[in-house]
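Shown here: model.cif, mmCIF, C-alpha atoms.
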data_final
loop_
_atom_site.label_atom_id
_atom_site.label_comp_id
_atom_site.auth_asym_id
_atom_site.auth_seq_id
_atom_site.Cartn_x
_atom_site.Cartn_y
_atom_site.Cartn_z
CA MET A 230 2.39 25.02 -19.80
CA ARG A 231 0.07 23.42 -17.30
CA LYS A 232 -0.80 19.73 -17.21
CA LEU A 233 -3.99 18.23 -15.81
CA PHE A 234 -4.01 14.73 -14.36
CA ILE A 235 -7.17 12.94 -13.23
CA ASP A 236 -8.00 9.72 -11.42
CA ILE A 237 -11.71 8.97 -11.64
CA GLY A 238 -13.31 6.02 -9.87
CA GLY A 239 -16.77 4.96 -8.87
CA THR A 240 -16.77 7.24 -5.82
CA HIS A 241 -14.26 10.08 -6.27
CA LEU A 242 -12.67 12.19 -8.95
CA ARG A 243 -9.20 13.30 -7.90
CA SER A 244 -7.15 15.71 -9.95
CA GLU A 245 -3.83 17.51 -9.93
CA LEU A 246 -3.06 20.60 -11.99
CA ILE A 247 0.67 21.12 -12.42
CA ASP A 248 2.89 23.79 -13.91
CA GLU A 249 6.63 24.44 -13.68
CA THR A 250 6.49 25.84 -10.15
CA GLU A 251 3.46 24.49 -8.29
CA SER A 252 0.55 22.07 -8.26
CA PHE A 253 -3.08 22.21 -7.15
CA SER A 254 -5.04 19.15 -6.00
CA GLU A 255 -8.81 18.68 -5.93
CA ILE A 256 -11.28 15.95 -5.00
CA CYS A 257 -14.99 15.76 -5.74
CA SER A 258 -17.74 13.17 -6.20
CA SER A 259 -17.52 11.30 -9.50
CA LYS A 260 -21.27 10.69 -9.29
CA GLU A 261 -22.01 14.42 -9.26
CA VAL A 262 -19.39 15.75 -11.68
CA PRO A 263 -19.28 14.15 -15.18
CA LEU A 264 -15.73 13.65 -16.49
CA MET A 265 -16.06 15.57 -19.77
CA ALA A 266 -17.73 18.47 -18.01
CA TYR A 267 -14.93 18.53 -15.45
CA VAL A 268 -12.22 18.54 -18.12
CA GLU A 269 -13.93 21.27 -20.11
CA GLU A 270 -14.34 23.45 -17.02
CA LYS A 271 -10.59 23.24 -16.37
CA LEU A 272 -9.69 23.89 -20.01
CA ALA A 273 -11.95 26.93 -20.04
CA ARG A 274 -10.50 28.28 -16.81
CA TYR A 275 -6.83 27.63 -17.68
CA ASP A 276 -6.10 28.31 -21.34
CA ASP A 277 -2.46 27.17 -20.98
CA ILE A 278 -3.22 23.48 -20.26
CA GLY A 279 -1.26 21.52 -22.84
CA PHE A 280 -1.81 17.93 -21.74
CA VAL A 281 -4.50 15.92 -19.92
CA GLY A 282 -3.83 12.44 -18.54
CA ILE A 283 -6.69 10.36 -17.13
CA ALA A 284 -6.76 7.12 -15.14
CA TYR A 285 -10.28 5.80 -15.64
CA ALA A 286 -12.16 3.10 -13.70
CA GLY A 287 -13.67 1.50 -16.78
CA GLN A 288 -12.87 -0.08 -20.11
CA VAL A 289 -10.92 2.18 -22.48
CA HIS A 290 -9.44 1.52 -25.92
CA GLU A 291 -7.57 3.96 -28.16
CA GLY A 292 -8.92 6.98 -26.30
CA VAL A 293 -12.52 5.79 -26.38
CA ILE A 294 -14.48 4.87 -23.24
CA LEU A 295 -16.08 1.51 -24.02
CA SER A 296 -17.95 1.05 -20.75
CA ALA A 297 -17.79 1.96 -17.09
CA PRO A 298 -19.59 -0.27 -14.59
CA ASN A 299 -19.55 2.33 -11.81
CA ILE A 300 -19.36 5.69 -13.65
CA ALA A 301 -21.87 7.54 -15.82
CA VAL A 302 -20.25 8.22 -19.21
CA ASP A 303 -20.99 11.69 -20.60
CA GLU A 304 -18.60 11.58 -23.59
CA PRO A 305 -17.19 8.25 -24.85
CA GLN A 306 -15.00 9.93 -27.51
CA ILE A 307 -13.27 12.11 -24.95
CA LYS A 308 -9.78 12.07 -26.52
CA LYS A 309 -11.03 13.04 -29.97
CA THR A 310 -13.49 15.62 -28.62
CA VAL A 311 -10.88 17.44 -26.53
CA ALA A 312 -8.42 17.48 -29.44
CA GLU A 313 -11.04 18.88 -31.84
CA ARG A 314 -12.52 21.48 -29.49
CA TYR A 315 -9.40 22.67 -27.69
CA GLY A 316 -6.38 21.41 -29.63
CA VAL A 317 -5.14 19.72 -26.45
CA ARG A 318 -3.65 16.25 -26.30
CA LEU A 319 -5.52 13.94 -23.95
CA GLU A 320 -4.54 10.38 -23.06
CA ILE A 321 -6.86 8.10 -21.09
CA ASP A 322 -6.38 4.53 -19.90
CA ASN A 323 -7.88 2.08 -17.44
CA ASP A 324 -7.02 3.07 -13.89
CA LEU A 325 -5.50 -0.32 -13.07
CA ASN A 326 -3.19 -0.13 -16.06
CA CYS A 327 -2.09 3.29 -14.84
CA ALA A 328 -1.63 2.01 -11.29
CA LEU A 329 0.39 -0.93 -12.60
CA LEU A 330 2.95 1.31 -14.31
CA ALA A 331 3.32 3.42 -11.20
CA GLU A 332 3.67 0.33 -9.00
CA ALA A 333 6.25 -1.19 -11.36
CA ASN A 334 8.33 1.97 -11.03
CA GLU A 335 7.95 1.91 -7.26
CA TRP A 336 8.91 -1.76 -6.82
CA ASN A 337 11.36 -1.96 -9.73
CA VAL A 338 9.72 -5.14 -11.04
CA GLN A 339 8.94 -6.09 -14.64
CA ASN A 340 6.72 -9.14 -14.05
CA MET A 341 3.94 -8.24 -11.66
CA ALA A 342 0.23 -7.74 -11.10
CA ALA A 343 -1.80 -5.05 -9.38
CA LEU A 344 -5.01 -6.03 -7.59
CA TYR A 345 -7.05 -3.06 -6.38
CA VAL A 346 -10.23 -3.14 -4.32
CA GLY A 347 -12.40 -0.09 -3.81
CA THR A 348 -15.81 0.68 -5.28
CA GLY A 349 -15.00 -2.18 -7.67
CA ILE A 350 -12.23 -4.76 -7.93
CA GLY A 351 -9.76 -4.69 -10.80
CA ALA A 352 -6.44 -6.11 -11.89
CA ALA A 353 -3.66 -5.43 -14.37
CA VAL A 354 -0.63 -7.50 -15.32
CA MET A 355 2.83 -6.64 -16.61
CA GLU A 356 5.13 -9.06 -18.43
CA LYS A 357 8.74 -8.06 -19.18
CA GLY A 358 7.93 -4.42 -18.52
CA LYS A 359 4.90 -4.30 -20.85
CA VAL A 360 1.26 -4.11 -19.80
CA ILE A 361 -0.70 -7.12 -21.07
CA ARG A 362 -3.67 -5.51 -22.80
CA GLY A 363 -5.58 -7.99 -24.94
CA SER A 364 -7.05 -7.09 -28.34
CA ARG A 365 -9.16 -4.18 -27.02
CA ASN A 366 -7.30 -3.27 -23.84
CA LEU A 367 -9.66 -5.45 -21.76
CA ALA A 368 -7.26 -8.06 -20.41
CA PHE A 369 -7.53 -9.18 -16.77
CA GLU A 370 -10.91 -7.63 -15.93
CA ILE A 371 -10.88 -9.79 -12.81
CA GLY A 372 -13.94 -8.12 -11.28
CA HIS A 373 -16.19 -9.54 -13.95
CA ILE A 374 -15.22 -13.20 -13.93
CA PRO A 375 -18.23 -15.46 -13.14
CA TYR A 376 -18.35 -16.32 -9.46
CA ARG A 377 -21.80 -16.85 -7.96
CA GLN A 378 -25.32 -15.72 -8.81
CA THR A 379 -26.91 -13.08 -6.61
CA PRO A 380 -30.22 -11.16 -6.55
CA PHE A 381 -28.19 -8.04 -7.39
CA THR A 382 -26.89 -6.71 -10.68
CA CYS A 383 -23.31 -5.69 -11.31
CA GLY A 384 -22.61 -2.41 -13.07
CA CYS A 385 -21.71 -4.44 -16.16
CA GLY A 386 -25.26 -5.85 -16.28
CA ARG A 387 -24.65 -9.40 -15.06
CA ASN A 388 -25.61 -10.94 -11.71
CA ASN A 389 -22.74 -13.34 -11.09
CA CYS A 390 -19.58 -11.21 -11.11
CA ILE A 391 -17.02 -11.60 -8.35
CA GLU A 392 -17.21 -7.82 -7.92
CA LEU A 393 -20.64 -8.34 -6.34
CA PHE A 394 -18.82 -9.99 -3.40
CA ALA A 395 -15.27 -8.56 -3.30
CA SER A 396 -15.80 -4.80 -3.60
CA GLY A 397 -17.26 -1.85 -1.75
CA SER A 398 -20.17 -1.59 -4.18
CA GLY A 399 -20.89 -5.30 -3.80
CA ILE A 400 -21.01 -5.09 -0.03
CA ALA A 401 -23.22 -2.00 -0.22
CA LYS A 402 -25.68 -3.76 -2.53
CA GLN A 403 -25.95 -6.66 -0.09
CA LEU A 404 -26.20 -4.68 3.14
CA TYR A 405 -27.32 -1.16 2.25
CA PRO A 406 -29.43 -1.41 -0.94
CA TYR A 407 -31.11 1.92 -0.19
CA ASN A 408 -27.90 3.73 0.77
CA GLU A 409 -25.11 2.39 -1.39
CA ASN A 410 -22.91 5.40 -0.65
CA ARG A 411 -22.30 4.28 2.93
CA ARG A 412 -18.64 3.88 3.79
CA ILE A 413 -17.65 0.24 4.16
CA ASP A 414 -15.81 -0.69 7.37
CA LEU A 415 -14.96 -4.31 6.68
CA SER A 416 -13.20 -4.99 9.97
CA MET A 417 -16.25 -3.70 11.86
CA LEU A 418 -18.54 -5.93 9.80
CA SER A 419 -16.37 -8.95 10.56
CA ARG A 420 -16.82 -8.30 14.32
CA SER A 421 -20.50 -7.40 14.10
CA GLN A 422 -23.14 -8.95 16.37
CA ILE A 423 -25.38 -9.20 13.30
CA GLU A 424 -24.95 -12.54 11.57
CA ASN A 425 -25.68 -11.20 8.09
CA GLU A 426 -22.97 -8.54 8.40
CA ARG A 427 -20.41 -11.13 9.52
CA ARG A 428 -21.43 -13.39 6.65
CA VAL A 429 -20.95 -10.63 4.07
CA ALA A 430 -17.49 -9.86 5.49
CA GLU A 431 -16.52 -13.54 5.36
CA GLU A 432 -17.78 -13.85 1.79
CA PHE A 433 -15.78 -10.77 0.86
CA GLU A 434 -12.55 -12.36 2.10
CA THR A 435 -13.28 -15.64 0.31
CA ALA A 436 -14.08 -13.86 -2.96
CA LEU A 437 -10.96 -11.69 -2.68
CA VAL A 438 -8.70 -14.71 -2.20
CA HIS A 439 -10.48 -16.46 -5.07
CA ALA A 440 -9.81 -13.47 -7.34
CA ALA A 441 -6.18 -13.26 -6.26
CA GLY A 442 -5.68 -17.01 -6.71
CA THR A 443 -7.18 -16.87 -10.19
CA LEU A 444 -4.91 -13.95 -11.06
CA VAL A 445 -1.82 -15.78 -9.81
CA THR A 446 -2.71 -18.97 -11.68
CA LEU A 447 -3.39 -17.18 -14.97
CA ALA A 448 -0.61 -14.57 -14.93
CA ASN A 449 2.17 -16.15 -12.80
CA PRO A 450 3.57 -12.80 -11.54
CA GLU A 451 6.51 -12.53 -9.18
CA LEU A 452 4.76 -9.76 -7.24
CA ILE A 453 1.15 -8.84 -6.53
CA VAL A 454 0.55 -5.37 -5.11
CA LEU A 455 -2.74 -4.76 -3.30
CA GLY A 456 -4.27 -1.32 -3.36
CA GLY A 457 -7.51 0.65 -3.36
CA GLY A 458 -9.66 2.16 -0.64
CA ILE A 459 -10.89 -1.12 0.86
CA ILE A 460 -7.33 -2.41 1.20
CA GLU A 461 -6.11 0.92 2.57
CA HIS A 462 -8.75 0.97 5.32
CA ASN A 463 -8.49 -2.76 6.07
CA PRO A 464 -4.75 -3.56 6.05
CA TYR A 465 -5.34 -6.92 7.77
CA LEU A 466 -6.51 -8.23 4.37
CA LEU A 467 -2.88 -8.53 3.29
CA GLU A 468 -2.19 -11.21 5.91
CA ARG A 469 -5.48 -12.96 5.20
CA LEU A 470 -4.50 -13.22 1.56
CA ARG A 471 -1.02 -14.48 2.35
CA GLU A 472 -2.46 -17.10 4.69
CA LYS A 473 -5.17 -18.46 2.37
CA ILE A 474 -3.98 -18.07 -1.21
CA ALA A 475 -2.30 -21.48 -1.30
CA SER A 476 -5.76 -23.06 -1.38
CA TYR A 477 -6.84 -20.98 -4.39
CA ALA A 478 -3.83 -20.86 -6.73
CA LEU A 479 -1.65 -23.30 -8.63
CA GLY A 480 1.14 -24.37 -6.30
CA ALA A 481 3.92 -23.89 -8.83
CA SER A 482 2.75 -20.31 -9.46
CA LEU A 483 3.15 -19.50 -5.76
CA GLU A 484 6.88 -20.23 -5.73
CA ARG A 485 8.80 -16.99 -5.17
CA LEU A 486 5.54 -15.00 -5.26
CA ARG A 487 5.46 -11.87 -3.10
CA ILE A 488 2.23 -10.20 -2.00
CA GLU A 489 2.57 -6.61 -0.77
CA ARG A 490 0.42 -3.57 -0.02
CA SER A 491 0.84 -0.50 -2.19
CA ARG A 492 3.21 2.11 -0.82
CA LEU A 493 1.87 4.84 -3.12
CA GLU A 494 -0.63 7.45 -1.99
CA ASN A 495 -2.49 7.35 -5.31
CA ALA A 496 -1.01 4.94 -7.85
CA PRO A 497 -3.63 5.53 -10.59
CA LEU A 498 -2.97 9.29 -10.48
CA SER A 499 0.79 8.66 -10.50
CA GLY A 500 0.27 6.40 -13.51
CA ALA A 501 -1.79 9.07 -15.28
CA LYS A 502 1.30 11.26 -15.13
CA LEU A 503 3.17 8.61 -17.14
CA LEU A 504 0.68 8.63 -20.01
CA GLU A 505 2.31 11.64 -21.65
CA LYS A 506 5.49 9.63 -22.29
CA GLU A 507 3.72 6.43 -23.39
CA GLU A 508 3.52 7.10 -27.13
CA THR A 509 1.88 3.75 -27.93
CA TRP A 510 -0.12 3.60 -24.70
CA ASN A 511 -3.56 3.15 -26.27
CA HIS A 512 -2.53 1.45 -29.51
#

Step by step, read the file and then write its structure as C-alpha cells.
Amino acid sequence: MRKLFIDIGGTHLRSELIDETESFSEICSSKEVPLMAYVEEKLARYDDIGFVGIAYAGQVHEGVILSAPNIAVDEPQIKKTVAERYGVRLEIDNDLNCALLAEANEWNVQNMAALYVGTGIGAAVMEKGKVIRGSRNLAFEIGHIPYRQTPFTCGCGRNNCIELFASGSGIAKQLYPYNENRRIDLSMLSRSQIENERRVAEEFETALVHAAGTLVTLANPELIVLGGGIIEHNPYLLERLREKIASYALGASLERLRIERSRLENAPLSGAKLLEKEETWNH
C-alpha cells in the first residue's frame, strides 16, 4: 500500500509518495495546482494509495477546510469527498499543528511552541504533549492578531494583521505590489541603500519579536522553535529574537525559555506523516 503525504503552503505544494520500499518527492506551485485536483490526480494514477495525510496552511476543523488566507480552496470537504469517491482515508490539519508534533518529537519536549514564518506567519502550542486546539481548531492563529493598520489587505480580509508586517506576503505587498511572487531576501533589504526597503526590514523584525513575545506571554512554553522559509534563509533572525524578546514578553514567562531554529528539513510534511496514527487528531 502506498501513502501520500502533502505539505501545502501559500507558495509551494510539496509531496511524498511512499510504499514499503521507496519514496518519490515532488514540488510544484500551490497557486497553479489546486489541492483537490492534485490529490485526485495521484489517486487516479496510483490505485493502491491507502492513506493521504495533509499539512495545510489554513484553518481546518474535522477534515473541513474553513479558510485559507494564502491558498485558493477548490474543495472544502476534502476528507469526506475523498472517502466517498475513492474509499481512501484522508486526514488534514493545519500545517503548524503538524509541524509542532514533528518538532516535539525532534526536541523531546512536551510544553513548547512552534513559530513559523514564510508566506504567512503562524504558531502552534503544545501543553503536556497535547496540541492546544481551541473549540474549532483555531487556537494561536498568531498571524491574525491586530497589530497596525495598513493600506493593504491580509488574506483573511482585514487590514491590521501582524502577518502584513512579519511574513513574506506582507513584505511583498509593501514593496512589490505588482509582483508579489518575488523572493524575499530580508538580509539584503536590511542593508539596502533604499530607505523604504530598510524600513520594511526593520518593521518585519519588530513585528516578529512582537508576535513571539505575545506567544510567550500567552502560552508560557519552555521552548519556541522557529521555522519556515523566511527563517531558513535569514538565520540571523534567531539572534535578533533572543536579543529583543525581553522587551516584548512577560518577564516571568522568559525564565528557562529556550528559542531555537528548526533542525527539520520539512517539519509540516514530517507532521503529516503522523496524522495516520492520530486517531482523534481532528476531533

*Mind pulling up the distance from atom CA of A:Val360 to atom CA of A:Leu493?*
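Going from atom CA of A:Leu493 over to atom CA of A:Val360 covers 18.9 Å.
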
*Nearest to A:Asn449 among A:Asp276, A:Glu484, A:Asp248, A:Glu505, with distances taken over all atoms listed in the file: which residue is it?*
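When distances to A:Asn449 are compared using all atoms listed in the file, the smallest one comes from A:Glu484.
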
Go through the shown structure with the PyMOL selection byres ((chain A and resi 361) around 12) and write out the matching residues as an mmCIF file with C-alpha atoms, keeping the file's coordinate frame.
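Everything below was put into out-v4.cif:
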data_model
loop_
_atom_site.group_PDB
_atom_site.id
_atom_site.type_symbol
_atom_site.label_atom_id
_atom_site.label_comp_id
_atom_site.auth_asym_id
_atom_site.auth_seq_id
_atom_site.Cartn_x
_atom_site.Cartn_y
_atom_site.Cartn_z
ATOM 1 C CA LEU A 325 -5.500 -0.320 -13.070
ATOM 2 C CA ASN A 326 -3.190 -0.130 -16.060
ATOM 3 C CA LEU A 329 0.390 -0.930 -12.600
ATOM 4 C CA LEU A 330 2.950 1.310 -14.310
ATOM 5 C CA GLN A 339 8.940 -6.090 -14.640
ATOM 6 C CA ASN A 340 6.720 -9.140 -14.050
ATOM 7 C CA MET A 341 3.940 -8.240 -11.660
ATOM 8 C CA ALA A 342 0.230 -7.740 -11.100
ATOM 9 C CA ALA A 343 -1.800 -5.050 -9.380
ATOM 10 C CA ALA A 352 -6.440 -6.110 -11.890
ATOM 11 C CA ALA A 353 -3.660 -5.430 -14.370
ATOM 12 C CA VAL A 354 -0.630 -7.500 -15.320
ATOM 13 C CA MET A 355 2.830 -6.640 -16.610
ATOM 14 C CA GLU A 356 5.130 -9.060 -18.430
ATOM 15 C CA LYS A 357 8.740 -8.060 -19.180
ATOM 16 C CA GLY A 358 7.930 -4.420 -18.520
ATOM 17 C CA LYS A 359 4.900 -4.300 -20.850
ATOM 18 C CA VAL A 360 1.260 -4.110 -19.800
ATOM 19 C CA ARG A 362 -3.670 -5.510 -22.800
ATOM 20 C CA GLY A 363 -5.580 -7.990 -24.940
ATOM 21 C CA SER A 364 -7.050 -7.090 -28.340
ATOM 22 C CA ARG A 365 -9.160 -4.180 -27.020
ATOM 23 C CA ASN A 366 -7.300 -3.270 -23.840
ATOM 24 C CA LEU A 367 -9.660 -5.450 -21.760
ATOM 25 C CA ALA A 368 -7.260 -8.060 -20.410
ATOM 26 C CA PHE A 369 -7.530 -9.180 -16.770
ATOM 27 C CA GLU A 370 -10.910 -7.630 -15.930
ATOM 28 C CA ALA A 448 -0.610 -14.570 -14.930
ATOM 29 C CA PRO A 450 3.570 -12.800 -11.540
ATOM 30 C CA TRP A 510 -0.120 3.600 -24.700
ATOM 31 C CA ASN A 511 -3.560 3.150 -26.270
#

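Considering the residues A:Ile235, A:Val429, A:Ala284, A:Leu319 and counting only C-alpha atoms, A:Asp414 has its shortest atom-to-atom contact with A:Val429.
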
_Hits from the PyMOL selection byres ((chain A and resi 397-406) around 12), listed as a PyMOL selection string_ = chain A and resi 238-240+298-300+345-350+372-373+379-384+388-396+407-415+418+423-434+436-437+457-460+462-463

*Evaluate the PyMOL selection byres ((chain A and resi 254) around 7) on the structure here and hand back the selected residues as a ChimeraX atom specification.*
/A:244-246,252-253,255

Listed atoms of stretch 279-295 of chain A boxed along x, y and z, 3 Å each side, centre and edge lengths in Å, one decimal, as AutoDock Vina command-line options:
--center_x -8.7 --center_y 10.7 --center_z -20.9 --size_x 20.8 --size_y 27.6 --size_z 20.5

_Pick from A:Met265, A:Cys327, A:Ala441, A:Ala481 nearest to A:Ser499, counting only C-alpha atoms_ =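 Among the listed residues, A:Cys327 lies closest to A:Ser499.
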
*asked:* Neighbouring residues of A:Leu467 were defined as those with any atom within 9 Å, considering all atoms listed in the file; residues of the same chain fewer than 5 positions away were excluded. Please report them as a VMD selection string.
replied: chain A and resid 455 460 472 488 to 490

*Tell me, in Å to one decimal, how far atom CA of A:Tyr465 is from atom CA of A:Val438.*
13.1 Å

*Provide the atom CA of A:Val338 to atom CA of A:Leu444 distance in Å, to one decimal place.*
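The value is 17.1 Å.
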
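The closest residue to A:Gly456, picked from A:Cys257, A:Ala328, A:Met417, A:Cys385 and counting only C-alpha atoms, is A:Ala328.
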
*asked:* Residues near A:His439, anyone? I mean within 8 Å using only C-alpha atoms, not counting same-chain ones fewer than 3 positions away, as a VMD selection string.
replied: chain A and resid 435 to 436 442 to 443 474 477

For stretch 481-492 of chain A, which lacks atoms in the input, supply N, CA, C and O atoms and format the output as a compact mmCIF listing (two decimals), in the frame of the given file.
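Result written to rebuild.txt:
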# COMPACT_ATOMS: atom_id res chain seq x y z
N ALA A 481 2.69 -24.30 -8.16
CA ALA A 481 3.92 -23.89 -8.83
C ALA A 481 3.97 -22.38 -9.06
O ALA A 481 5.04 -21.77 -9.07
N SER A 482 2.79 -21.76 -9.23
CA SER A 482 2.75 -20.31 -9.46
C SER A 482 3.01 -19.52 -8.19
O SER A 482 3.27 -18.31 -8.25
N LEU A 483 2.92 -20.18 -7.04
CA LEU A 483 3.15 -19.50 -5.76
C LEU A 483 4.62 -19.43 -5.39
O LEU A 483 5.00 -18.69 -4.48
N GLU A 484 5.46 -20.23 -6.05
CA GLU A 484 6.88 -20.23 -5.73
C GLU A 484 7.49 -18.87 -6.04
O GLU A 484 7.33 -18.34 -7.13
N ARG A 485 8.12 -18.30 -5.07
CA ARG A 485 8.80 -16.99 -5.17
C ARG A 485 7.82 -15.82 -5.35
O ARG A 485 8.23 -14.71 -5.66
N LEU A 486 6.52 -16.09 -5.17
CA LEU A 486 5.54 -15.00 -5.26
C LEU A 486 5.59 -14.14 -4.01
O LEU A 486 5.62 -14.63 -2.89
N ARG A 487 5.58 -12.82 -4.21
CA ARG A 487 5.46 -11.87 -3.10
C ARG A 487 4.11 -11.18 -3.20
O ARG A 487 3.65 -10.84 -4.30
N ILE A 488 3.48 -10.95 -2.06
CA ILE A 488 2.23 -10.20 -2.00
C ILE A 488 2.45 -9.03 -1.05
O ILE A 488 2.79 -9.22 0.12
N GLU A 489 2.28 -7.81 -1.55
CA GLU A 489 2.57 -6.61 -0.77
C GLU A 489 1.43 -5.61 -0.90
O GLU A 489 0.64 -5.67 -1.84
N ARG A 490 1.34 -4.70 0.06
CA ARG A 490 0.42 -3.57 -0.02
C ARG A 490 1.08 -2.43 -0.76
O ARG A 490 2.30 -2.23 -0.68
N SER A 491 0.30 -1.65 -1.48
CA SER A 491 0.84 -0.50 -2.19
C SER A 491 1.45 0.50 -1.21
O SER A 491 0.92 0.73 -0.12
N ARG A 492 2.57 1.08 -1.63
CA ARG A 492 3.21 2.11 -0.82
C ARG A 492 2.92 3.51 -1.37
O ARG A 492 3.38 4.51 -0.80
